[in-house]
Amino acid sequence: MSVPVGAAASSARPGRVQLMVTCLVDSLAPHVGFAVVRLLERAGLEVEVPPGQTCCGQPAFNAGCWDDARAMARHTIDVFSRSDAPVVVPSGSCGDMVIHQAAQLLASDPDYADRARALASRTYELTAFLVDVLGITDVGARHNGRLTYHPACHGLRGLGLSAQPHALVDGIRDAQLCPLPEADTCCGFGGLFALKMADISSSLLARKIGNIEASGAETVVATDISCLLHIGGGLKRKGSAVQVRHLAEILAAPE
Amino acid sequence: MTTAPANFYKRVDRALKDPAMRAAMMRATTRLVSSRAVGIGGLPQADQIRDHARAIRAHTITRLDYYLAQFEEAVRTRGGHVHWAATASDAVSIVADIARHYGAKMAVKSKSMVSEEIELNAALAAAGVEVLETDLGEFVVQIDGDHPSHIVAPIIHKSRRDIARLFQEKLQASDADVADVPQMTAFARRLLREGFLKADMGISGGNFGVAETGSLCICTNEGNGRLTTTLPRVHVALMGIERIVPTLADLGIMLQVLGRSATGQKLTVYSNIITGPRRQGAETEGDESDGPDHLHIVLVDNGRSRLLGTDLAEVLYCIRCGACLNTCPVYQEVGGHAYGSVYPGPVGAVLTPGLHGLAKWHDLPHASSLCGACREICPVRIDIPRMLLTLRDQATERGYSPAWITSGLWFFRQLAVRPALFRRAQALASFATRRIAKNGWIERMPGHFGRWTRTRDFPAFAPATFMTQWERRRR
Amino acid sequence: MSDDRFNIMAAVAQRLRAGVMPPAGRHEHPGVPAVSAPSLSQDELIAHFTAEAEALTVVVHRVADDALAVSKVRDEIGRRGPRVLAWDDKWLNCQGLPDALRTSGITLESCWLPRDAAERRQRLAELDDVAVGLTGAVAGLADTGSLALVSGPGRGRIASLLPPLHIAVLRVSQLHATYAAFLAAHPGIEDVGSNLVLVTGPSRTADIEMTLTRGVHGPGEVHVVLIDA
């Protein structure tokens with residue numbers, strides 16, 4: 001690993017972490033999960049993957065089905081509370097759910113309120129973990145080609161992640177970084193919004209894809225598989241040659 | 001909204017198929033967002049000022065009964081009248097009664113969102129009072145029989161060609177009159193000037209009421225707000241009960257963020273602070289030279305008090321700057337009319353169901369991807385996404401969520417809390433999706449999932465999930 | 001109407017006592033903002049005020065004394081016609097100005113509006129083609145380039161509102177850095193008159209396609225004669 005850049009290296013550097021792989025990565029993009037494992041192991045950490053993890057409950061929470069969301073949040077707390085190691089999650093949406101929303105959702109649950117807060121306090125989105133906790137911005141990544149970075153909204157505004165992913169993207173050798181017009185404008189995924197308000201979602205997607213194409217990038221990279229599912233699906237439908245990659249994939253390549 | 005379809009999705013569909021409107025929206029909102037960035041960027045210690053502004057609103061709302069009483073007392077001391085309207089129809093009756101009392105037949109009106117909310121103009125017309133909108137955008141809306149699509153910029157959705165055509169068709173404007181924007185503005189000015197000189201009554205809104213002094217602050221750019229509240233002998237002001245600030249100094253803080261957030265202006269051209277009607281002086285001093293002899297302030301509840309003490313109370317902090325509308329990607333795509341209500345955009349998606357109930361308005365809280373841009377831009381830091389989520393929860397509890405979503409998520413939850421079953425379901429989905437996929441992509445999905453594949457491909461599930469592969473590797 | 005007051009106030013009071021205001025907390029009044037306001041020298045005040053006003057297309061005529069103010073105002077009015085809608089003499093706050101204007105053949109129209117409806121309309125019709133309005137001011141605000149005008153006997157609102165050109169006489173001693181500073185220097189300003197207006201530039205609209213047009217209902221031109229005293 002390169003010398004850590006930035007003053008944010010935590011004095012209490014953990015030796016083990018738990019991976020919250022997220023239901024979307026688990027089902028649709030397991031290679032991203034393995035990329036995250038590689039990144040963390042290369043940083044000298046032992047990675048635990050608690051069995052029984054399924055879904056943090058965010059889709060249900062966003063849809064207003066809070067009873068179902070609470071059940072899934074409780075299950076998630078159970079799964080990740082068996083170990084006291086910090087939790088790393090490669091998603092701003094799921095990260096925001098576990099770090100902010102679950103504790104509020106379970107605030108009046110006598111059994112889970114404290115445990116939700118405890119889990120929240122040791123859960124980190126991947127880029128925040130690398131940069132803020134481990135103090136790493138250069139992981140030795142290399143990518144030959146034109147890249148543009150799309151900031152996922154929950155990570156950007158829910159978790160305040162901007163400096164961290166940008167620092168990691170900037171550290172990718174050989175990559176030509178193309179600025180993304182209207183970068184901070186939502187891609188239109190929004191969870192079940194993509195189905196319930198499909199027309200508006202698709203309209204926002206068209207706008208995001210237009211901006212990606214205008215950027216001249218060959219690859220669009222993001223920290224959230226949810227955005228990439230939506231953007232990638234739209235690019236594919238359009239017959240575009242532009243690829244989508246989770247940031248972890250690029251940071252962790254080659255194997 | 002008589003001309004718009006009753007169904008939210010139909011209104012959205014209509015909006016998305018209107019490229020001219022969408023282009024106008026995009027131009028205007030982008031411009032307003034960048035103007036706002038310059039405006040707030042130029043405010044020294046903007047973060048502290050915004051925190052302070054929020055604290056003033058929060059404090060006032062938690063003591064609203066005290067400050068409303070103080071405001072009323074102060075207005076009365078200056079010789080003004082305060083009326084209390086619990087509902088929209090009460091407010092309308094009050095204004096009609098005031099008009100009748102003074103024998104007013106014609107009123108000029110400056111911009112008031114509350115007056116739109118209570119549908120005042122139609123009711124006054126029925127009561128024999130002609131109302132002339134004098135804010136240029138509202139005037140256009142009135143002539144066109146249309147509705148405003150933005151809190152601050154009512155005709156943001158119209159092109160100059162639309163307006164030229166309208167002036168020619170409805171107002172007999174000549175070609176010269178509509179040759180360009182300055183000409184059109186001058187044409188409207190001449191017409192409206194006649195109205196100002198003849199009107200018996202002026203009706204305005206109120207941006208803020210100052211409790212300590214009983215002052216009403218009206219912020220405008222055109223000057224119609226001043227003419228409306230100066231020339232006619234009677235001034236009627238409509239204001240929501242929540243628009244109170246404690247002192248004139250507090251007002252200054254709000255003014256520091258209002259204009260900058262709305263249009264990027266440090267202040268609107270006229271910040272008009274009215275404390276009572278035209279004053280009669282002692283013998284030596286004499287009376288004030290001009291101004292209305294009678295001031296009537298109508299405080300309108302119309303559902304606001306119901307929000308106090310609830311999770312939705314924070315929406316009452318709103319100062320109606322419109323910044324959340326301008327930055328909202330959904331509002332940018334569909335415009336104001338799609339929301340079907342007086343208050344569109346993010347604040348409207350909370351306020352409208354909040355004031356008028358979810359039965360009719362349960363779609364609005366879902367018209368958001370929860371991106372958080374509204375919360376980020378709000379000068380008083382209102383957490384709109386939090387309240388949208390709360391409304392979604394309430395909508396589900398009251399049975400307004402469609403079955404395919406509630407039962408789908410219920411089913412998903414049953415799997416998600418039973419890991420072994422979850423894995424079996426994943427394996428099944430993997431099998432099924434890989435069957436129908438071509439080169440790993442699915443172009444058509446059945447049922448409601450088809451909403452995805454209308455415009456996007458969906459990837460087949462991985463042959464083996466991460467968890468499965470992980471377990472294999474660890475063996 | 002009193003029934004509604006009772007019900008509304010009762011509802012408000014009941015909700016506030018019974019409910020919880022999120023985010024939870026007592027929400028005390030935050031007092032005065034802890035924002036550092038640099039104290040500006042008079043030159044800095046003048047410079048800021050002028051820069052801000054000029055950015056709004058306000059024309060600022062800086063003059064050393066009342067005599068020079070008089071000739072400046074007389075010239076500007078003379079160019080537009082023989083009538084000006086003016087505040088009463090003493091409120092123009094400029095030695096010799098009213099007399100000089102009258103001597104030049106300029107008619108100073110009074111701002112007084114009759115209370116009777118027909119007389120009022122008549123008077124407004126008479127004033128319709130007056131090209132210039134002339135006022136003093138109670139203050140200038142440097143951070144926004146604003147004029148603060150208070151209404152009162154002999155200080156009609158219409159002077160800064162009806163005619164297409166508004167000329168305001170302002171003295172540098174009336175400049176304040178901010179609205180907050182102005183308020184602090186004028187406690188009880190609400191007792192002075194029923195109308196305090198902050199005028200920040202000429203009347204404008206951008207309602208049509210975001211295209212800026214000046215002089216919609218209020219004056220399209222604002223001049224400030226800023227006297228060095």
# chains A, B, ... in the order shown; residues from 1 in each chain; ligands from 1

$ residues_around --residues "range 29-42 of chain B" --least-positions-apart "5" --cutoff "6 Å" --atoms "only C-alpha atoms" --output "list of chain:residue names"
B:Arg260, B:Ser261, B:Thr263, B:Gly264, B:Asn326

$ write_last_selection --atoms "all heavy atoms" --output "PDB file, in the first residue's frame"
ATOM      1  N   ARG B 260     -31.678  36.566  -1.796  1.00  0.00           N
ATOM      2  CA  ARG B 260     -30.521  35.830  -2.318  1.00  0.00           C
ATOM      3  C   ARG B 260     -30.894  34.409  -2.699  1.00  0.00           C
ATOM      4  O   ARG B 260     -30.404  33.871  -3.694  1.00  0.00           O
ATOM      5  CB  ARG B 260     -29.400  35.801  -1.284  1.00  0.00           C
ATOM      6  CG  ARG B 260     -28.752  37.165  -1.049  1.00  0.00           C
ATOM      7  CD  ARG B 260     -27.806  37.110   0.135  1.00  0.00           C
ATOM      8  NE  ARG B 260     -27.357  38.417   0.570  1.00  0.00           N
ATOM      9  CZ  ARG B 260     -26.228  38.995   0.176  1.00  0.00           C
ATOM     10  NH1 ARG B 260     -25.445  38.389  -0.694  1.00  0.00           N
ATOM     11  NH2 ARG B 260     -25.889  40.182   0.641  1.00  0.00           N
ATOM     12  N   SER B 261     -31.777  33.798  -1.916  1.00  0.00           N
ATOM     13  CA  SER B 261     -32.170  32.419  -2.211  1.00  0.00           C
ATOM     14  C   SER B 261     -33.151  32.346  -3.367  1.00  0.00           C
ATOM     15  O   SER B 261     -33.162  31.386  -4.134  1.00  0.00           O
ATOM     16  CB  SER B 261     -32.805  31.773  -0.978  1.00  0.00           C
ATOM     17  OG  SER B 261     -31.922  31.791   0.109  1.00  0.00           O
ATOM     18  N   THR B 263     -33.736  34.759  -6.007  1.00  0.00           N
ATOM     19  CA  THR B 263     -33.296  35.199  -7.328  1.00  0.00           C
ATOM     20  C   THR B 263     -31.829  35.604  -7.354  1.00  0.00           C
ATOM     21  O   THR B 263     -31.324  36.012  -8.392  1.00  0.00           O
ATOM     22  CB  THR B 263     -34.087  36.438  -7.776  1.00  0.00           C
ATOM     23  OG1 THR B 263     -33.883  37.457  -6.783  1.00  0.00           O
ATOM     24  CG2 THR B 263     -35.567  36.153  -7.919  1.00  0.00           C
ATOM     25  N   GLY B 264     -31.174  35.561  -6.202  1.00  0.00           N
ATOM     26  CA  GLY B 264     -29.800  36.024  -6.146  1.00  0.00           C
ATOM     27  C   GLY B 264     -29.687  37.499  -5.809  1.00  0.00           C
ATOM     28  O   GLY B 264     -28.590  38.011  -5.602  1.00  0.00           O
ATOM     29  N   ASN B 326     -36.431  25.428  -7.630  1.00  0.00           N
ATOM     30  CA  ASN B 326     -35.453  25.641  -8.696  1.00  0.00           C
ATOM     31  C   ASN B 326     -34.428  24.532  -8.770  1.00  0.00           C
ATOM     32  O   ASN B 326     -33.951  24.193  -9.845  1.00  0.00           O
ATOM     33  CB  ASN B 326     -34.736  26.981  -8.482  1.00  0.00           C
ATOM     34  CG  ASN B 326     -35.689  28.147  -8.511  1.00  0.00           C
ATOM     35  OD1 ASN B 326     -36.726  28.089  -9.162  1.00  0.00           O
ATOM     36  ND2 ASN B 326     -35.355  29.205  -7.793  1.00  0.00           N
TER      37      ASN B 326
END

$ residues_around --residues "Val330 in chain B" --least-positions-apart "4" --cutoff "9 Å" --atoms "only C-alpha atoms" --output "VMD selection string"
(chain A and resid 188 200 to 201 204) or (chain B and resid 325 334 to 335 345 to 346 367 to 369)

$ residues_around --residues "range 42-51 of chain A" --least-positions-apart "5" --cutoff "8 Å" --atoms "only C-alpha atoms" --output "number ranges by chain"
A: 1, 14-20, 37, 79-80; B: 467

$ write_last_selection --atoms "N, CA and C atoms" --output "PDB file, in the first residue's frame"
ATOM      1  N   MET A   1       0.866  -1.203   0.000  1.00  0.00           N
ATOM      2  CA  MET A   1       0.000   0.000   0.000  1.00  0.00           C
ATOM      3  C   MET A   1       0.888   1.233   0.000  1.00  0.00           C
ATOM      4  N   PRO A  14      -8.453  -0.176  12.855  1.00  0.00           N
ATOM      5  CA  PRO A  14      -8.963  -1.511  13.171  1.00  0.00           C
ATOM      6  C   PRO A  14      -8.150  -2.598  12.466  1.00  0.00           C
ATOM      7  N   GLY A  15      -8.198  -3.794  12.990  1.00  0.00           N
ATOM      8  CA  GLY A  15      -7.535  -4.922  12.353  1.00  0.00           C
ATOM      9  C   GLY A  15      -8.507  -5.750  11.541  1.00  0.00           C
ATOM     10  N   ARG A  16      -9.784  -5.690  11.959  1.00  0.00           N
ATOM     11  CA  ARG A  16     -10.814  -6.468  11.269  1.00  0.00           C
ATOM     12  C   ARG A  16     -11.964  -5.546  10.885  1.00  0.00           C
ATOM     13  N   VAL A  17     -12.600  -5.862   9.805  1.00  0.00           N
ATOM     14  CA  VAL A  17     -13.834  -5.164   9.448  1.00  0.00           C
ATOM     15  C   VAL A  17     -14.857  -6.191   8.993  1.00  0.00           C
ATOM     16  N   GLN A  18     -16.120  -5.787   9.110  1.00  0.00           N
ATOM     17  CA  GLN A  18     -17.186  -6.619   8.545  1.00  0.00           C
ATOM     18  C   GLN A  18     -17.623  -5.978   7.236  1.00  0.00           C
ATOM     19  N   LEU A  19     -17.886  -6.803   6.264  1.00  0.00           N
ATOM     20  CA  LEU A  19     -18.376  -6.307   4.997  1.00  0.00           C
ATOM     21  C   LEU A  19     -19.892  -6.448   4.950  1.00  0.00           C
ATOM     22  N   MET A  20     -20.583  -5.321   4.722  1.00  0.00           N
ATOM     23  CA  MET A  20     -22.021  -5.358   4.417  1.00  0.00           C
ATOM     24  C   MET A  20     -22.103  -5.261   2.902  1.00  0.00           C
ATOM     25  N   VAL A  37     -13.386  -6.542  -1.018  1.00  0.00           N
ATOM     26  CA  VAL A  37     -12.584  -7.415  -0.149  1.00  0.00           C
ATOM     27  C   VAL A  37     -11.104  -7.253  -0.468  1.00  0.00           C
ATOM     28  N   VAL A  79     -27.497  -9.257  12.574  1.00  0.00           N
ATOM     29  CA  VAL A  79     -26.412  -9.895  11.822  1.00  0.00           C
ATOM     30  C   VAL A  79     -25.069  -9.214  12.093  1.00  0.00           C
ATOM     31  N   PHE A  80     -25.062  -7.886  12.146  1.00  0.00           N
ATOM     32  CA  PHE A  80     -23.799  -7.169  12.244  1.00  0.00           C
ATOM     33  C   PHE A  80     -23.394  -6.837  13.677  1.00  0.00           C
TER      34      PHE A  80
ATOM     35  N   MET B 467     -22.507 -13.941  -1.570  1.00  0.00           N
ATOM     36  CA  MET B 467     -22.486 -14.732  -0.329  1.00  0.00           C
ATOM     37  C   MET B 467     -22.209 -16.200  -0.625  1.00  0.00           C
TER      38      MET B 467
END

$ closest_residue --among "B:Leu299, B:Leu166, B:Leu258, B:Ala179" --to "chain C" --atoms "only C-alpha atoms"
B:Leu299

$ closest_residue --among "B:His235, B:Arg57, B:Arg381, B:Arg226" --to "Ala104 in chain B" --atoms "only C-alpha atoms"
B:His235

$ closest_atom_pairs --of "chain B" --to "chain A" --cutoff "7 Å" --atoms "only C-alpha atoms" --output "JSON lines"
{"residue": "B:Pro329", "atom": "CA", "partner": "A:Thr185", "partner_atom": "CA", "distance": 6.7}
{"residue": "B:Val330", "atom": "CA", "partner": "A:Ile200", "partner_atom": "CA", "distance": 6.9}
{"residue": "B:Ala367", "atom": "CA", "partner": "A:Met197", "partner_atom": "CA", "distance": 6.8}
{"residue": "B:Ser369", "atom": "CA", "partner": "A:Gly190", "partner_atom": "CA", "distance": 4.0}
{"residue": "B:Leu370", "atom": "CA", "partner": "A:Gly190", "partner_atom": "CA", "distance": 6.3}
{"residue": "B:Cys371", "atom": "CA", "partner": "A:Cys153", "partner_atom": "CA", "distance": 5.1}
{"residue": "B:Gly372", "atom": "CA", "partner": "A:Arg157", "partner_atom": "CA", "distance": 6.2}
{"residue": "B:Leu389", "atom": "CA", "partner": "A:Gly64", "partner_atom": "CA", "distance": 6.3}
{"residue": "B:Arg392", "atom": "CA", "partner": "A:Gly64", "partner_atom": "CA", "distance": 4.4}
{"residue": "B:Asp393", "atom": "CA", "partner": "A:Gly64", "partner_atom": "CA", "distance": 3.9}
{"residue": "B:Thr396", "atom": "CA", "partner": "A:Gly64", "partner_atom": "CA", "distance": 6.0}
{"residue": "B:Thr406", "atom": "CA", "partner": "A:Cys65", "partner_atom": "CA", "distance": 6.7}
{"residue": "B:Leu409", "atom": "CA", "partner": "A:Ala60", "partner_atom": "CA", "distance": 6.2}
{"residue": "B:Trp410", "atom": "CA", "partner": "A:Asp68", "partner_atom": "CA", "distance": 6.1}
{"residue": "B:Arg413", "atom": "CA", "partner": "A:Asp68", "partner_atom": "CA", "distance": 5.7}
{"residue": "B:Ala416", "atom": "CA", "partner": "A:Thr54", "partner_atom": "CA", "distance": 5.5}
{"residue": "B:Val417", "atom": "CA", "partner": "A:His75", "partner_atom": "CA", "distance": 6.0}
{"residue": "B:Pro419", "atom": "CA", "partner": "A:Gly52", "partner_atom": "CA", "distance": 5.0}
{"residue": "B:Gln426", "atom": "CA", "partner": "A:Ser27", "partner_atom": "CA", "distance": 6.8}
{"residue": "B:Arg451", "atom": "CA", "partner": "A:Leu195", "partner_atom": "CA", "distance": 5.5}
{"residue": "B:Trp452", "atom": "CA", "partner": "A:Leu195", "partner_atom": "CA", "distance": 5.9}
{"residue": "B:Thr455", "atom": "CA", "partner": "A:Ser202", "partner_atom": "CA", "distance": 6.5}
{"residue": "B:Arg456", "atom": "CA", "partner": "A:Gly234", "partner_atom": "CA", "distance": 4.5}
{"residue": "B:Asp457", "atom": "CA", "partner": "A:Gly233", "partner_atom": "CA", "distance": 4.4}
{"residue": "B:Phe458", "atom": "CA", "partner": "A:Gly233", "partner_atom": "CA", "distance": 5.7}
{"residue": "B:Phe461", "atom": "CA", "partner": "A:Leu28", "partner_atom": "CA", "distance": 4.8}
{"residue": "B:Ala462", "atom": "CA", "partner": "A:Leu28", "partner_atom": "CA", "distance": 5.2}
{"residue": "B:Thr465", "atom": "CA", "partner": "A:Ser27", "partner_atom": "CA", "distance": 5.2}
{"residue": "B:Phe466", "atom": "CA", "partner": "A:Pro30", "partner_atom": "CA", "distance": 4.5}
{"residue": "B:Met467", "atom": "CA", "partner": "A:Asp26", "partner_atom": "CA", "distance": 6.5}

$ write_last_selection --atoms "C-alpha atoms" --output "mmCIF file, in the first residue's frame"
data_model
loop_
_atom_site.group_PDB
_atom_site.id
_atom_site.type_symbol
_atom_site.label_atom_id
_atom_site.label_comp_id
_atom_site.auth_asym_id
_atom_site.auth_seq_id
_atom_site.Cartn_x
_atom_site.Cartn_y
_atom_site.Cartn_z
ATOM 1 C CA PRO B 329 -34.640 17.679 -10.559
ATOM 2 C CA VAL B 330 -38.237 16.473 -10.558
ATOM 3 C CA ALA B 367 -42.790 12.520 -6.690
ATOM 4 C CA SER B 369 -36.087 10.618 -5.702
ATOM 5 C CA LEU B 370 -35.079 11.884 -2.247
ATOM 6 C CA CYS B 371 -31.887 13.346 -3.667
ATOM 7 C CA GLY B 372 -31.740 15.961 -0.902
ATOM 8 C CA LEU B 389 -40.711 9.984 4.036
ATOM 9 C CA ARG B 392 -45.099 8.183 2.630
ATOM 10 C CA ASP B 393 -45.373 6.239 5.890
ATOM 11 C CA THR B 396 -49.197 3.579 3.528
ATOM 12 C CA THR B 406 -47.030 -2.903 -0.256
ATOM 13 C CA LEU B 409 -42.273 -5.222 -0.054
ATOM 14 C CA TRP B 410 -44.070 -7.295 2.526
ATOM 15 C CA ARG B 413 -39.381 -8.597 3.947
ATOM 16 C CA ALA B 416 -35.090 -10.814 3.967
ATOM 17 C CA VAL B 417 -35.589 -11.838 7.583
ATOM 18 C CA PRO B 419 -31.663 -15.733 5.132
ATOM 19 C CA GLN B 426 -32.040 -15.304 -5.164
ATOM 20 C CA ARG B 451 -41.956 -0.047 -15.844
ATOM 21 C CA TRP B 452 -38.206 -0.471 -15.561
ATOM 22 C CA THR B 455 -36.646 2.662 -20.928
ATOM 23 C CA ARG B 456 -33.836 0.589 -19.412
ATOM 24 C CA ASP B 457 -32.411 -2.884 -19.717
ATOM 25 C CA PHE B 458 -32.082 -4.908 -16.548
ATOM 26 C CA PHE B 461 -28.843 -11.926 -11.682
ATOM 27 C CA ALA B 462 -25.354 -13.275 -11.181
ATOM 28 C CA THR B 465 -24.363 -14.530 -5.391
ATOM 29 C CA PHE B 466 -21.490 -12.961 -3.536
ATOM 30 C CA MET B 467 -22.486 -14.732 -0.329
#

$ select_by_dssp --residues "range 134-244 of chain A" --states "strand (DSSP E)" --output "PyMOL selection string"
chain A and resi 142-149+173-177+219-222+243-244

$ write_last_selection --atoms "C-alpha atoms" --output "PDB file, in the first residue's frame"
ATOM      1  CA  ARG A 142      -4.605   2.287 -12.593  1.00  0.00           C
ATOM      2  CA  HIS A 143      -7.125   2.797 -15.356  1.00  0.00           C
ATOM      3  CA  ASN A 144      -6.237   3.607 -18.903  1.00  0.00           C
ATOM      4  CA  GLY A 145      -9.057   5.648 -20.355  1.00  0.00           C
ATOM      5  CA  ARG A 146     -11.473   8.522 -19.935  1.00  0.00           C
ATOM      6  CA  LEU A 147     -13.409   8.408 -16.687  1.00  0.00           C
ATOM      7  CA  THR A 148     -16.197  10.529 -15.311  1.00  0.00           C
ATOM      8  CA  TYR A 149     -17.442  10.407 -11.740  1.00  0.00           C
ATOM      9  CA  ARG A 173      -3.105   6.534 -12.405  1.00  0.00           C
ATOM     10  CA  ASP A 174      -3.373   6.966 -16.173  1.00  0.00           C
ATOM     11  CA  ALA A 175      -7.031   7.892 -16.021  1.00  0.00           C
ATOM     12  CA  GLN A 176      -8.183  10.974 -17.897  1.00  0.00           C
ATOM     13  CA  LEU A 177     -10.807  12.528 -15.665  1.00  0.00           C
ATOM     14  CA  THR A 219     -16.512   4.892 -18.347  1.00  0.00           C
ATOM     15  CA  VAL A 220     -18.737   6.355 -15.691  1.00  0.00           C
ATOM     16  CA  VAL A 221     -17.795   5.467 -12.159  1.00  0.00           C
ATOM     17  CA  ALA A 222     -19.885   5.786  -9.005  1.00  0.00           C
ATOM     18  CA  GLN A 243     -19.275   1.437 -19.547  1.00  0.00           C
ATOM     19  CA  VAL A 244     -20.335   1.690 -15.913  1.00  0.00           C
TER      20      VAL A 244
END

$ closest_residue --among "B:Ala338, B:Val298, B:Ile49, B:Leu388" --to "Val75 in chain B" --atoms "only C-alpha atoms"
B:Val298

$ residues_around --residues "range 213-221 of chain C" --least-positions-apart "3" --cutoff "8 Å" --atoms "only C-alpha atoms" --output "compact mmCIF listing (two decimals) with N, CA and C atoms, in the first residue's frame"
# COMPACT_ATOMS: atom_id res chain seq x y z
N VAL B 181 -39.81 42.22 -25.30
CA VAL B 181 -40.19 42.13 -23.88
C VAL B 181 -40.39 43.51 -23.25
N PRO B 182 -39.50 44.49 -23.49
CA PRO B 182 -39.77 45.82 -22.91
C PRO B 182 -41.09 46.41 -23.39
N THR B 185 -43.91 44.69 -21.60
CA THR B 185 -43.97 45.14 -20.22
C THR B 185 -44.59 46.52 -20.14
N ALA B 186 -44.19 47.39 -21.07
CA ALA B 186 -44.74 48.76 -21.08
C ALA B 186 -46.24 48.73 -21.36
N ARG B 189 -47.90 47.66 -18.26
CA ARG B 189 -47.79 48.75 -17.28
C ARG B 189 -48.87 49.80 -17.49
N ARG B 193 -51.72 50.55 -14.87
CA ARG B 193 -51.70 51.85 -14.22
C ARG B 193 -53.11 52.40 -14.07
N GLU B 222 -41.46 44.90 -8.65
CA GLU B 222 -42.03 45.74 -9.70
C GLU B 222 -42.52 47.08 -9.20
N GLY B 223 -42.93 47.13 -7.95
CA GLY B 223 -43.53 48.37 -7.44
C GLY B 223 -45.04 48.24 -7.34
N ASN B 224 -45.58 47.15 -7.90
CA ASN B 224 -47.03 46.98 -7.79
C ASN B 224 -47.46 46.73 -6.36
N LEU B 227 -47.79 50.20 -4.91
CA LEU B 227 -48.96 50.91 -5.44
C LEU B 227 -50.24 50.32 -4.86
N THR C 57 -27.76 49.92 -11.31
CA THR C 57 -28.01 51.02 -12.24
C THR C 57 -28.54 52.28 -11.57
N VAL C 58 -28.42 52.35 -10.25
CA VAL C 58 -28.73 53.60 -9.57
C VAL C 58 -27.59 54.58 -9.90
N SER C 160 -41.70 58.57 -4.36
CA SER C 160 -40.68 57.60 -4.77
C SER C 160 -41.31 56.45 -5.55
N LEU C 161 -42.54 56.65 -6.00
CA LEU C 161 -43.27 55.52 -6.56
C LEU C 161 -43.92 55.82 -7.91
N LEU C 162 -44.58 56.95 -8.03
CA LEU C 162 -45.34 57.22 -9.25
C LEU C 162 -44.49 57.69 -10.45
N PRO C 163 -43.65 58.68 -10.29
CA PRO C 163 -42.94 59.17 -11.46
C PRO C 163 -41.87 58.19 -11.94
N PRO C 164 -41.52 58.25 -13.21
CA PRO C 164 -40.53 57.32 -13.75
C PRO C 164 -39.10 57.55 -13.27
N LEU C 165 -38.80 58.73 -12.76
CA LEU C 165 -37.48 59.00 -12.20
C LEU C 165 -37.63 59.40 -10.74
N HIS C 166 -36.88 58.75 -9.89
CA HIS C 166 -36.88 59.10 -8.46
C HIS C 166 -35.51 59.63 -8.10
N PRO C 202 -33.89 50.37 -9.17
CA PRO C 202 -35.13 50.73 -9.85
C PRO C 202 -36.06 49.53 -9.96
N SER C 203 -37.33 49.82 -10.15
CA SER C 203 -38.35 48.80 -10.34
C SER C 203 -37.96 47.88 -11.50
N ARG C 204 -38.23 46.59 -11.36
CA ARG C 204 -37.84 45.65 -12.41
C ARG C 204 -38.71 44.41 -12.38
N THR C 205 -38.67 43.68 -13.47
CA THR C 205 -39.28 42.35 -13.51
C THR C 205 -38.47 41.47 -14.43
N ALA C 206 -38.52 40.16 -14.16
CA ALA C 206 -37.93 39.21 -15.10
C ALA C 206 -38.94 38.09 -15.35

$ select_by_dssp --residues "range 7-82 of chain C" --states "alpha helix (DSSP H)" --output "ChimeraX atom specification"
/C:7-18,42-55,66-80

$ closest_residue --among "A:Gln104, A:Gly160, A:Leu180, A:Ala141" --to "chain C" --atoms "only C-alpha atoms"
A:Gln104

$ atom_distance --atom1 "CA of Val222 in chain C" --atom2 "CA of Arg62 in chain C"
14.1 Å
